[in-house]
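Chemist: Please find target01.cif (mmCIF, C-alpha atoms and all ligand atoms) on the next line:
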```cif
data_query
loop_
_atom_site.label_atom_id
_atom_site.label_comp_id
_atom_site.auth_asym_id
_atom_site.auth_seq_id
_atom_site.Cartn_x
_atom_site.Cartn_y
_atom_site.Cartn_z
CA MET S 1 55.27 -88.59 52.75
CA LYS S 2 55.27 -86.44 49.63
CA VAL S 3 57.08 -88.01 46.73
CA PHE S 4 58.14 -85.72 43.89
CA VAL S 5 59.03 -86.86 40.40
CA VAL S 6 60.98 -84.58 38.09
CA ALA S 7 59.73 -85.42 34.60
CA GLU S 8 62.16 -85.80 31.74
CA HIS S 9 61.37 -84.73 28.19
CA ARG S 10 63.54 -84.14 25.20
CA MET S 11 62.97 -82.87 21.70
CA GLY S 12 59.21 -82.71 22.11
CA GLU S 13 58.77 -86.11 23.74
CA LEU S 14 58.04 -87.09 27.31
CA ASN S 15 60.38 -89.87 28.41
CA PRO S 16 58.06 -92.74 29.50
CA VAL S 17 60.39 -93.36 32.45
CA SER S 18 58.64 -90.36 34.07
CA ILE S 19 55.48 -92.50 34.34
CA GLU S 20 57.53 -95.38 35.78
CA LEU S 21 58.78 -93.01 38.49
CA LEU S 22 55.20 -92.01 39.27
CA ASN S 23 54.30 -95.70 39.64
CA LEU S 24 57.05 -95.94 42.23
CA ALA S 25 55.95 -92.67 43.86
CA ASN S 26 52.38 -93.98 44.17
CA ALA S 27 53.64 -97.22 45.70
CA ILE S 28 55.68 -95.52 48.45
CA LYS S 29 53.80 -92.25 49.08
CA LYS S 30 52.02 -91.74 52.34
CA ASP S 31 50.49 -88.39 51.32
CA SER S 32 50.82 -87.68 47.64
CA SER S 33 52.69 -88.22 44.40
CA VAL S 34 53.65 -84.98 42.69
CA ALA S 35 55.13 -84.60 39.21
CA VAL S 36 57.00 -81.48 38.20
CA VAL S 37 57.41 -80.67 34.54
CA LEU S 38 59.48 -77.72 33.36
CA GLY S 39 59.66 -76.55 29.76
CA LYS S 40 58.39 -74.13 27.17
CA ASP S 41 55.19 -75.69 25.91
CA VAL S 42 54.55 -78.69 28.14
CA LYS S 43 50.81 -78.68 28.85
CA GLY S 44 50.44 -81.95 26.91
CA PHE S 45 53.10 -83.61 29.06
CA ALA S 46 51.48 -82.26 32.24
CA ASP S 47 48.13 -83.79 31.23
CA GLU S 48 49.82 -87.12 30.50
CA LEU S 49 51.62 -87.08 33.86
CA ALA S 50 48.41 -86.13 35.71
CA LYS S 51 46.95 -89.53 34.89
CA PHE S 52 49.52 -91.06 37.23
CA ALA S 53 50.10 -88.25 39.76
CA ASP S 54 47.97 -86.77 42.53
CA LYS S 55 49.27 -83.37 41.47
CA VAL S 56 51.32 -81.95 38.62
CA TYR S 57 53.18 -78.66 38.84
CA MET S 58 53.95 -77.18 35.46
CA VAL S 59 56.33 -74.29 34.88
CA GLN S 60 56.52 -72.87 31.37
CA ASP S 61 59.17 -70.40 30.31
CA ASP S 62 61.29 -69.86 27.20
CA SER S 63 64.43 -70.33 29.27
CA LEU S 64 63.28 -73.83 30.23
CA GLU S 65 62.78 -75.12 26.70
CA ASN S 66 65.87 -77.32 26.90
CA TYR S 67 67.29 -78.98 29.98
CA ASN S 68 69.90 -76.91 31.77
CA PRO S 69 70.99 -78.00 35.26
CA GLU S 70 71.25 -74.39 36.44
CA THR S 71 67.79 -73.20 35.44
CA TYR S 72 66.19 -76.52 36.42
CA THR S 73 67.81 -76.52 39.87
CA ASP S 74 66.89 -72.86 40.34
CA VAL S 75 63.18 -73.39 39.54
CA LEU S 76 62.91 -76.72 41.36
CA MET S 77 64.43 -75.22 44.50
CA GLN S 78 61.83 -72.42 44.41
CA ILE S 79 59.11 -75.09 44.31
CA PHE S 80 60.74 -77.28 46.96
CA ALA S 81 61.15 -74.28 49.31
CA LYS S 82 57.36 -74.17 49.56
CA GLU S 83 56.47 -77.80 49.04
CA LYS S 84 59.10 -79.60 51.13
CA PRO S 85 59.37 -82.96 49.36
CA ASP S 86 60.22 -86.05 51.39
CA VAL S 87 61.60 -87.89 48.39
CA VAL S 88 62.65 -86.58 44.97
CA LEU S 89 62.78 -89.19 42.20
CA LEU S 90 64.71 -88.76 38.97
CA PRO S 91 65.37 -91.26 36.21
CA ASN S 92 68.83 -92.80 36.16
CA THR S 93 69.34 -91.37 32.67
CA SER S 94 71.92 -88.78 31.64
CA PHE S 95 69.30 -86.16 32.65
CA GLY S 96 68.78 -87.57 36.15
CA ILE S 97 72.42 -88.45 36.73
CA ASP S 98 73.30 -84.84 35.94
CA LEU S 99 70.48 -83.13 37.83
CA GLY S 100 70.32 -85.44 40.87
CA PRO S 101 73.60 -84.42 42.52
CA TYR S 102 72.83 -80.70 41.93
CA LEU S 103 69.53 -81.06 43.75
CA ALA S 104 70.96 -83.24 46.50
CA ALA S 105 73.67 -80.65 47.18
CA LYS S 106 71.17 -77.77 47.26
CA LEU S 107 68.75 -79.72 49.46
CA ASN S 108 71.58 -81.06 51.63
CA ALA S 109 69.96 -84.43 51.03
CA PRO S 110 71.42 -87.93 50.83
CA ILE S 111 71.36 -89.33 47.30
CA ALA S 112 71.29 -92.92 46.06
CA THR S 113 71.75 -93.59 42.36
CA ASP S 114 70.58 -96.33 40.00
CA VAL S 115 68.23 -97.85 42.58
CA VAL S 116 66.06 -100.83 41.62
CA ALA S 117 63.86 -101.13 44.72
CA VAL S 118 62.65 -98.71 47.40
CA ASP S 119 61.17 -99.44 50.82
CA ALA S 120 59.77 -96.41 52.64
CA SER S 121 58.07 -98.28 55.50
CA ASP S 122 60.79 -97.38 58.04
CA GLY S 123 62.99 -94.48 56.97
CA LEU S 124 64.21 -95.01 53.43
CA LYS S 125 65.83 -98.22 52.23
CA VAL S 126 66.92 -98.79 48.67
CA SER S 127 68.36 -101.72 46.74
CA LYS S 128 71.08 -101.32 44.15
CA TYR S 129 73.74 -103.39 42.46
CA PHE S 130 77.45 -103.17 43.10
CA PHE S 131 80.48 -104.74 41.43
CA GLN S 132 78.83 -104.71 38.01
CA GLY S 133 75.80 -106.59 39.18
CA LYS S 134 77.53 -109.32 41.15
CA LEU S 135 76.22 -108.01 44.44
CA MET S 136 72.78 -106.63 45.25
CA THR S 137 72.80 -104.47 48.39
CA ASP S 138 70.07 -103.04 50.59
CA LEU S 139 71.05 -99.64 51.93
CA LYS S 140 69.38 -97.57 54.61
CA LEU S 141 69.85 -93.90 53.90
CA LYS S 142 70.94 -91.54 56.66
CA GLU S 143 67.84 -90.01 58.21
CA ALA S 144 67.05 -86.72 56.50
CA ASP S 145 64.19 -84.38 55.69
CA THR S 146 64.52 -85.06 51.96
CA TYR S 147 66.07 -87.89 49.95
CA VAL S 148 67.07 -87.82 46.30
CA LEU S 149 67.01 -91.03 44.27
CA THR S 150 67.84 -91.78 40.66
CA VAL S 151 65.91 -94.86 39.60
CA ARG S 152 66.80 -97.46 36.98
CA GLN S 153 64.64 -97.37 33.87
CA GLY S 154 62.36 -100.32 33.08
CA VAL S 155 61.87 -101.49 36.68
CA PHE S 156 58.58 -99.86 37.76
CA LYS S 157 56.47 -100.36 34.68
CA GLU S 158 53.21 -101.35 36.35
CA GLY S 159 50.97 -98.85 38.06
CA GLU S 160 47.45 -97.61 38.28
CA GLU S 161 46.04 -94.31 37.12
CA VAL S 162 45.26 -91.83 39.89
CA ASN S 163 44.08 -88.91 37.73
CA GLY S 164 45.28 -85.83 39.60
CA ALA S 165 45.16 -82.14 38.73
CA VAL S 166 47.57 -79.85 36.88
CA GLU S 167 48.58 -76.50 38.34
CA GLU S 168 50.65 -73.99 36.41
CA LEU S 169 53.13 -72.10 38.59
CA ASP S 170 54.31 -68.63 37.68
CA ILE S 171 58.00 -69.09 38.41
CA LYS S 172 61.06 -68.13 36.42
CA PRO S 173 64.74 -68.86 36.93
CA SER S 174 66.02 -66.18 39.33
CA LYS S 175 69.11 -65.50 37.20
CA PRO S 176 70.29 -66.33 33.69
CA ALA S 177 72.26 -69.55 33.34
CA ARG S 178 76.00 -69.35 32.78
CA ARG S 179 75.81 -72.36 30.51
CA GLN S 180 73.82 -72.20 27.30
CA PHE S 181 72.18 -75.01 25.40
CA VAL S 182 73.79 -75.35 21.96
CA GLN S 183 72.27 -78.38 20.21
CA TYR S 184 71.27 -81.99 20.62
CA ILE S 185 73.48 -84.50 18.88
CA GLU S 186 71.55 -87.69 18.35
CA PRO S 187 73.39 -90.98 18.57
CA GLU S 188 73.73 -92.64 15.18
CA VAL S 189 71.37 -95.50 15.95
CA GLY S 190 68.84 -95.94 18.69
CA GLU S 191 65.43 -95.64 17.15
CA VAL S 192 64.36 -98.76 19.08
CA ASP S 193 63.88 -98.54 22.84
CA ILE S 194 64.06 -102.14 24.06
CA THR S 195 62.99 -101.14 27.58
CA GLN S 196 59.57 -100.07 26.33
CA ALA S 197 58.79 -103.00 24.03
CA ASP S 198 56.18 -105.59 24.99
CA ILE S 199 57.92 -108.34 23.04
CA VAL S 200 61.68 -108.69 22.94
CA VAL S 201 63.34 -111.32 20.75
CA THR S 202 66.87 -111.66 22.09
CA VAL S 203 69.71 -113.19 20.17
CA GLY S 204 72.77 -114.73 21.78
CA ARG S 205 76.19 -115.70 20.49
CA GLY S 206 74.69 -118.79 18.89
CA ILE S 207 73.26 -116.56 16.14
CA GLU S 208 76.82 -116.83 14.75
CA ASP S 209 76.92 -113.89 12.38
CA ALA S 210 75.45 -110.44 11.72
CA SER S 211 73.77 -111.73 8.58
CA ASN S 212 71.65 -114.12 10.70
CA ILE S 213 70.13 -111.27 12.75
CA GLU S 214 67.64 -110.94 9.92
CA LEU S 215 66.05 -114.21 11.04
CA ALA S 216 65.38 -112.73 14.47
CA GLU S 217 64.17 -109.48 12.89
CA GLN S 218 61.70 -111.45 10.81
CA LEU S 219 60.35 -113.28 13.86
CA ALA S 220 60.20 -110.07 15.91
CA GLU S 221 58.31 -108.30 13.15
CA MET S 222 55.74 -111.09 12.94
CA LEU S 223 55.25 -110.93 16.72
CA GLY S 224 55.19 -107.13 16.81
CA GLY S 225 58.37 -106.97 18.87
CA VAL S 226 61.95 -105.73 18.73
CA VAL S 227 65.33 -107.44 18.60
CA ALA S 228 67.84 -107.22 21.44
CA GLY S 229 71.08 -109.05 22.14
CA SER S 230 73.39 -110.52 24.74
CA ARG S 231 76.76 -108.91 25.25
CA PRO S 232 78.79 -110.99 22.78
CA VAL S 233 76.32 -110.01 20.06
CA ILE S 234 76.91 -106.34 20.85
CA ASP S 235 80.68 -106.77 21.28
CA ASN S 236 80.79 -108.40 17.84
CA GLY S 237 78.99 -105.39 16.39
CA TRP S 238 76.02 -107.44 15.20
CA LEU S 239 73.59 -105.12 17.03
CA PRO S 240 74.07 -101.60 18.42
CA LYS S 241 75.02 -101.11 22.07
CA ASP S 242 71.59 -99.76 23.03
CA ARG S 243 70.11 -103.22 22.30
CA GLN S 244 72.15 -104.99 24.98
CA ILE S 245 70.29 -106.64 27.86
CA GLY S 246 72.06 -107.23 31.16
CA ILE S 247 73.99 -105.59 33.94
CA SER S 248 76.17 -103.61 31.58
CA GLY S 249 73.24 -103.06 29.23
CA LYS S 250 69.55 -102.43 29.82
CA THR S 251 66.94 -103.95 32.10
CA VAL S 252 63.83 -105.13 30.28
CA LYS S 253 60.51 -106.32 31.64
CA PRO S 254 58.48 -107.15 28.54
CA LYS S 255 55.33 -109.25 28.33
CA LEU S 256 57.37 -111.78 26.33
CA TYR S 257 61.13 -112.35 26.30
CA LEU S 258 62.09 -114.87 23.64
CA GLY S 259 65.74 -115.94 23.86
CA LEU S 260 67.40 -117.43 20.77
CA ALA S 261 70.70 -119.17 21.53
CA VAL S 262 71.27 -117.22 24.73
CA SER S 263 73.00 -119.29 27.43
CA GLY S 264 71.52 -117.39 30.38
CA ALA S 265 74.67 -116.11 32.07
CA PHE S 266 74.05 -114.36 35.37
CA GLN S 267 75.02 -110.96 33.94
CA HIS S 268 72.40 -111.36 31.22
CA VAL S 269 69.64 -112.81 33.41
CA MET S 270 69.84 -109.83 35.78
CA GLY S 271 68.53 -107.68 32.93
CA MET S 272 65.55 -109.84 31.93
CA LYS S 273 64.51 -112.11 34.80
CA ASP S 274 61.43 -110.04 35.63
CA SER S 275 59.90 -110.42 32.18
CA GLU S 276 56.30 -111.63 32.37
CA LEU S 277 56.90 -114.67 30.17
CA ILE S 278 60.29 -116.09 29.28
CA ILE S 279 60.69 -118.58 26.44
CA ALA S 280 64.11 -119.90 25.49
CA ILE S 281 65.38 -121.83 22.49
CA ASN S 282 68.77 -123.42 22.99
CA LYS S 283 70.36 -126.60 21.67
CA ASP S 284 71.96 -127.36 25.04
CA PRO S 285 69.39 -128.87 27.46
CA GLU S 286 71.66 -127.87 30.35
CA ALA S 287 71.76 -124.14 29.37
CA PRO S 288 71.09 -122.01 32.49
CA ILE S 289 68.49 -119.96 30.60
CA PHE S 290 66.10 -122.91 31.03
CA GLY S 291 66.31 -122.29 34.77
CA VAL S 292 64.55 -118.92 34.41
CA ALA S 293 62.34 -119.72 31.39
CA GLN S 294 58.72 -120.79 31.80
CA TYR S 295 58.88 -122.56 28.44
CA GLY S 296 61.92 -124.00 26.72
CA ILE S 297 62.61 -125.56 23.36
CA VAL S 298 65.73 -127.69 23.12
CA GLY S 299 66.71 -127.32 19.51
CA ASP S 300 68.72 -125.55 16.88
CA ILE S 301 67.50 -121.99 16.32
CA PHE S 302 68.20 -122.32 12.61
CA GLU S 303 65.59 -125.07 12.47
CA VAL S 304 63.15 -123.92 15.16
CA VAL S 305 62.90 -120.23 14.19
CA PRO S 306 62.08 -120.79 10.49
CA ALA S 307 59.48 -123.37 11.61
CA LEU S 308 58.00 -120.81 14.03
CA ILE S 309 57.89 -118.16 11.32
CA GLU S 310 56.14 -120.63 9.00
CA GLU S 311 53.51 -121.41 11.63
CA LEU S 312 52.98 -117.71 12.36
CA GLU S 313 52.52 -117.05 8.64
CA LYS S 314 49.83 -119.73 8.54
CA ILE S 315 48.05 -118.25 11.56
CA LYS S 316 48.22 -114.74 10.12
CA GLY S 317 47.04 -116.02 6.74
C1 LIG Y 401 81.41 -107.52 34.15
C2 LIG Y 401 80.60 -108.25 33.15
C3 LIG Y 401 79.45 -107.68 32.65
C4 LIG Y 401 78.66 -108.37 31.72
N1 LIG Y 401 77.51 -107.81 31.27
C5 LIG Y 401 76.73 -108.50 30.43
C6 LIG Y 401 75.48 -107.96 29.99
O1 LIG Y 401 75.09 -106.84 30.33
N2 LIG Y 401 74.72 -108.71 29.16
C7 LIG Y 401 75.10 -109.95 28.73
O2 LIG Y 401 74.36 -110.58 27.96
N3 LIG Y 401 76.27 -110.47 29.12
C8 LIG Y 401 77.09 -109.78 29.95
N4 LIG Y 401 78.29 -110.31 30.32
C9 LIG Y 401 78.74 -111.55 29.64
C10 LIG Y 401 78.14 -112.80 30.24
O3 LIG Y 401 78.95 -113.26 31.30
C11 LIG Y 401 78.07 -113.91 29.17
O4 LIG Y 401 79.35 -114.13 28.63
C12 LIG Y 401 77.11 -113.59 28.04
O5 LIG Y 401 75.85 -113.21 28.54
C13 LIG Y 401 76.93 -114.81 27.16
O6 LIG Y 401 76.20 -114.47 26.05
P1 LIG Y 401 75.45 -115.56 25.16
O7 LIG Y 401 74.47 -116.27 26.01
O8 LIG Y 401 74.97 -114.91 23.95
O9 LIG Y 401 76.67 -116.50 24.71
P2 LIG Y 401 77.15 -117.92 25.22
O10 LIG Y 401 77.28 -117.98 26.68
O11 LIG Y 401 78.33 -118.27 24.38
O12 LIG Y 401 75.93 -118.87 24.85
C14 LIG Y 401 75.52 -119.18 23.56
C15 LIG Y 401 74.40 -120.19 23.72
O13 LIG Y 401 73.85 -120.45 22.45
C16 LIG Y 401 73.58 -121.83 22.36
N5 LIG Y 401 73.62 -122.14 20.92
C17 LIG Y 401 74.67 -122.04 20.07
N6 LIG Y 401 74.28 -122.28 18.82
C18 LIG Y 401 72.96 -122.57 18.87
C19 LIG Y 401 71.98 -122.88 17.91
N7 LIG Y 401 72.28 -122.97 16.60
N8 LIG Y 401 70.71 -123.12 18.30
C20 LIG Y 401 70.38 -123.05 19.61
N9 LIG Y 401 71.27 -122.73 20.58
C21 LIG Y 401 72.53 -122.48 20.20
C22 LIG Y 401 74.65 -122.53 23.16
O14 LIG Y 401 74.19 -123.79 23.62
C23 LIG Y 401 74.86 -121.54 24.30
O15 LIG Y 401 74.03 -121.85 25.40
C24 LIG Y 401 79.07 -109.64 31.26
C25 LIG Y 401 80.24 -110.21 31.76
C26 LIG Y 401 80.99 -109.54 32.69
C27 LIG Y 401 82.23 -110.18 33.23
#
```
Show this structure as C-alpha cells.
Modeler:
Amino acid sequence: MKVFVVAEHRMGELNPVSIELLNLANAIKKDSSVAVVLGKDVKGFADELAKFADKVYMVQDDSLENYNPETYTDVLMQIFAKEKPDVVLLPNTSFGIDLGPYLAAKLNAPIATDVVAVDASDGLKVSKYFFQGKLMTDLKLKEADTYVLTVRQGVFKEGEEVNGAVEELDIKPSKPARRQFVQYIEPEVGEVDITQADIVVTVGRGIEDASNIELAEQLAEMLGGVVAGSRPVIDNGWLPKDRQIGISGKTVKPKLYLGLAVSGAFQHVMGMKDSELIIAINKDPEAPIFGVAQYGIVGDIFEVVPALIEELEKIKG
C-alpha cells in the first residue's frame, strides 16, 4: 500500500499538518509513504518532509507558486498516473477540503472527509464524527483502487523520522488555469495556532469577563504556553474564534492542558481528551472535567491562579 500525502504550504510556510499526515501514512502504509510538494521554491519544504517520508516528489514551477485547484489537480494527476497511489491524504483545512473532491472525482475514488482515525488492515475503514460530534462512526469505504481522505488537524502528532529521499520531477501543468490567484487576505487575528502548542491554558465561562483573560495569559506566558477557550468564552467575544477547543472548534493534543473554570461538557472534551496531561481547576467538585483530568484542584481560579503564578515566579527566580 502506497500512501501519498499532498503537502500544504502557504505564504512561505509549510503547514505542520503535512507532517501529521505523514505520521498517519507511516502508520498505515504497507509499502511506502510518499509526500508530494508543489510550488515555486520548495526545496526547503521537501527536505523537511523527507524526514518523515520514504520518498518526496517535488515539482517546482512559477505557475505553482500559489495553490490553485486546477494546476494542482493537473500536476498531481500526472504523478498519480505513473505512481498509482492506494491512499491520498490531505489535511482537512480549506486547502484539503477544496482539493480533495477535485482529486477524488478525477481518480474516480471514494472520499471521506474530516477523518480522525484510519484502519487499513482490511480494506479501508475510517472514523469520523456526525451530528456535530454527538456520534462517532466507523465507516468502511467502498472497495476501490485509490481512496482520498481529508484528515483532521491535530490528531496524528506523534511519529518517527524515516528519512527518505527527495526527487524533483520535471512536470508542468498541461494547460493554463482558468482561475487566477489574486491575493491572500489574512484573517484579522490568528497568530496563535492552539493545535501546535505544547501547553494550552484553557479558560471557561467561569473566567467571567474579557478583562480576566489577562490572568490566564500571564500563567500561559510563565509556562511557555498559549491561551484557548471553551465555546461560551468565544461566543462572548473574550477570545477569537480560532482559540476555541471542541467539536465546533479545534482538536488539541498538547503535552499539558490546563483548564481554568471549564465544566468539561462533552462537546468541549471531544476536542481535548487526548492531551498528554490534563489538569483542571474548578470550584465545583462534581464538574465533569474532573472525570477526564489526571489532576484536579477544587478551588476558585481567582485564588488558585494567582497563587500558582506566585509559586512559578519563585521557581523562576
Ligand atoms: C452543537 C454544539 C456544539 C458545541 N461545541 C462546543 C465546542 O466546540 N467547544 C465547547 O467548549 N463547547 C461547545 N459547546 C457548548 C458546550 O455544550 C458547553 O456549553 C460549554 O463547553 C461549556 O463551557 P464552559 O465549561 O466554559 O462553561 P460552563 O459549563 O458554564 O462551566 C463553567 C465552569 O466554571 C466553573 N467556575 C465558575 N466560576 C469559577 C471560579 N471562579 N473558579 C473555578 N471554577 C469556576 C463552574 O463550576 C463550571 O463548572 C457546544 C454545544 C453544542 C450544542
Chemist: Using only C-alpha atoms and all ligand atoms, which of S:Glu221, S:Glu276, S:Asp31, S:Asp209 sits nearest ligand LIG 401 (chain Y)?
Modeler: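 So, comparing all the options, the nearest one is S:Asp209.
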Chemist: Find the nearest atom pair between each residue of chain S and ligand LIG 401 (chain Y) for residues within 6 Å, count only C-alpha atoms and all ligand atoms, give distances in Å to one decimal, sort rows by chain and ascending number, and present the table as JSON lines.
Modeler:
```
{"residue": "S:Gln132", "atom": "CA", "partner": "Y:LIG401", "partner_atom": "C1", "distance": 5.4}
{"residue": "S:Gly204", "atom": "CA", "partner": "Y:LIG401", "partner_atom": "O8", "distance": 3.1}
{"residue": "S:Arg205", "atom": "CA", "partner": "Y:LIG401", "partner_atom": "O8", "distance": 3.8}
{"residue": "S:Gly206", "atom": "CA", "partner": "Y:LIG401", "partner_atom": "C17", "distance": 3.5}
{"residue": "S:Ser230", "atom": "CA", "partner": "Y:LIG401", "partner_atom": "O2", "distance": 3.4}
{"residue": "S:Arg231", "atom": "CA", "partner": "Y:LIG401", "partner_atom": "O2", "distance": 4.0}
{"residue": "S:Pro232", "atom": "CA", "partner": "Y:LIG401", "partner_atom": "O6", "distance": 5.4}
{"residue": "S:Ile245", "atom": "CA", "partner": "Y:LIG401", "partner_atom": "N2", "distance": 5.1}
{"residue": "S:Gly246", "atom": "CA", "partner": "Y:LIG401", "partner_atom": "O1", "distance": 3.2}
{"residue": "S:Ile247", "atom": "CA", "partner": "Y:LIG401", "partner_atom": "O1", "distance": 4.0}
{"residue": "S:Ser248", "atom": "CA", "partner": "Y:LIG401", "partner_atom": "O1", "distance": 3.6}
{"residue": "S:Gly249", "atom": "CA", "partner": "Y:LIG401", "partner_atom": "O1", "distance": 4.3}
{"residue": "S:Ala261", "atom": "CA", "partner": "Y:LIG401", "partner_atom": "O13", "distance": 3.5}
{"residue": "S:Val262", "atom": "CA", "partner": "Y:LIG401", "partner_atom": "O7", "distance": 3.6}
{"residue": "S:Ser263", "atom": "CA", "partner": "Y:LIG401", "partner_atom": "O15", "distance": 3.4}
{"residue": "S:Gly264", "atom": "CA", "partner": "Y:LIG401", "partner_atom": "O7", "distance": 5.4}
{"residue": "S:Ala265", "atom": "CA", "partner": "Y:LIG401", "partner_atom": "O5", "distance": 4.7}
{"residue": "S:Gln267", "atom": "CA", "partner": "Y:LIG401", "partner_atom": "C5", "distance": 4.6}
{"residue": "S:His268", "atom": "CA", "partner": "Y:LIG401", "partner_atom": "O2", "distance": 3.9}
{"residue": "S:Ile281", "atom": "CA", "partner": "Y:LIG401", "partner_atom": "C20", "distance": 5.9}
{"residue": "S:Asn282", "atom": "CA", "partner": "Y:LIG401", "partner_atom": "N9", "distance": 3.5}
{"residue": "S:Lys283", "atom": "CA", "partner": "Y:LIG401", "partner_atom": "C20", "distance": 4.1}
{"residue": "S:Asp284", "atom": "CA", "partner": "Y:LIG401", "partner_atom": "O14", "distance": 4.4}
{"residue": "S:Ala287", "atom": "CA", "partner": "Y:LIG401", "partner_atom": "O15", "distance": 5.1}
{"residue": "S:Gly299", "atom": "CA", "partner": "Y:LIG401", "partner_atom": "C20", "distance": 5.6}
{"residue": "S:Asp300", "atom": "CA", "partner": "Y:LIG401", "partner_atom": "N8", "distance": 3.4}
{"residue": "S:Ile301", "atom": "CA", "partner": "Y:LIG401", "partner_atom": "N8", "distance": 3.9}
{"residue": "S:Phe302", "atom": "CA", "partner": "Y:LIG401", "partner_atom": "N7", "distance": 5.7}
```
Chemist: Within 12 Å of (67.7, -67.6, 43.1), in the coordinates the file gives, what residues turn up when you count only C-alpha atoms, written out as a list in words?
Modeler: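 Those within range, by chain then number, are Glu70, Thr71, Tyr72, Thr73, Asp74, Val75, Leu76, Met77, Gln78, Ile79, Ala81, Lys106, Ile171, Lys172, Pro173, Ser174, Lys175, Pro176 and Ala177 of chain S.
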Chemist: Keeping only C-alpha atoms, write those residues as a PDB file, keeping the file's coordinate frame.
Modeler:
```pdb
ATOM      1  CA  GLU S  70      71.250 -74.390  36.440  1.00  0.00           C
ATOM      2  CA  THR S  71      67.790 -73.200  35.440  1.00  0.00           C
ATOM      3  CA  TYR S  72      66.190 -76.520  36.420  1.00  0.00           C
ATOM      4  CA  THR S  73      67.810 -76.520  39.870  1.00  0.00           C
ATOM      5  CA  ASP S  74      66.890 -72.860  40.340  1.00  0.00           C
ATOM      6  CA  VAL S  75      63.180 -73.390  39.540  1.00  0.00           C
ATOM      7  CA  LEU S  76      62.910 -76.720  41.360  1.00  0.00           C
ATOM      8  CA  MET S  77      64.430 -75.220  44.500  1.00  0.00           C
ATOM      9  CA  GLN S  78      61.830 -72.420  44.410  1.00  0.00           C
ATOM     10  CA  ILE S  79      59.110 -75.090  44.310  1.00  0.00           C
ATOM     11  CA  ALA S  81      61.150 -74.280  49.310  1.00  0.00           C
ATOM     12  CA  LYS S 106      71.170 -77.770  47.260  1.00  0.00           C
ATOM     13  CA  ILE S 171      58.000 -69.090  38.410  1.00  0.00           C
ATOM     14  CA  LYS S 172      61.060 -68.130  36.420  1.00  0.00           C
ATOM     15  CA  PRO S 173      64.740 -68.860  36.930  1.00  0.00           C
ATOM     16  CA  SER S 174      66.020 -66.180  39.330  1.00  0.00           C
ATOM     17  CA  LYS S 175      69.110 -65.500  37.200  1.00  0.00           C
ATOM     18  CA  PRO S 176      70.290 -66.330  33.690  1.00  0.00           C
ATOM     19  CA  ALA S 177      72.260 -69.550  33.340  1.00  0.00           C
TER      20      ALA S 177
END
```
Chemist: Have a look at S:Gln244, S:Gln180, S:Asn236, S:Gln294 and name the one nearest to S:Val192; count only C-alpha atoms.
Modeler: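 Among the listed residues, the smallest separation from S:Val192 belongs to S:Gln244.
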Chemist: Out of S:Val162, S:Leu219, S:Leu89, S:Leu124, which residue has the shortest atom-to-atom distance to S:Leu258 when counting all atoms listed in the file?
Modeler: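 So, comparing all the options, the nearest one is S:Leu219.
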Chemist: For S:Tyr57, which of S:Val88, S:Met11, S:Ala165, S:Val182 is the closest residue, counting only C-alpha atoms?
Modeler: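 Of S:Val88, S:Met11, S:Ala165, S:Val182, the one nearest S:Tyr57 is S:Ala165, counting only C-alpha atoms.
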Chemist: Could you work out how far atom CA of S:Lys157 lies from atom CA of S:Gln196, giving the answer in Å with one decimal?
Modeler: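 Going from atom CA of S:Gln196 over to atom CA of S:Lys157 covers 8.9 Å.
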Chemist: For S:Leu38, list every protein, DNA or RNA residue within 8 Å, evaluated using all atoms listed in the file, and leave out those in the same chain fewer than 5 positions away; present the list as a ChimeraX atom specification.
Modeler: /S:7,58-61,64-65,72
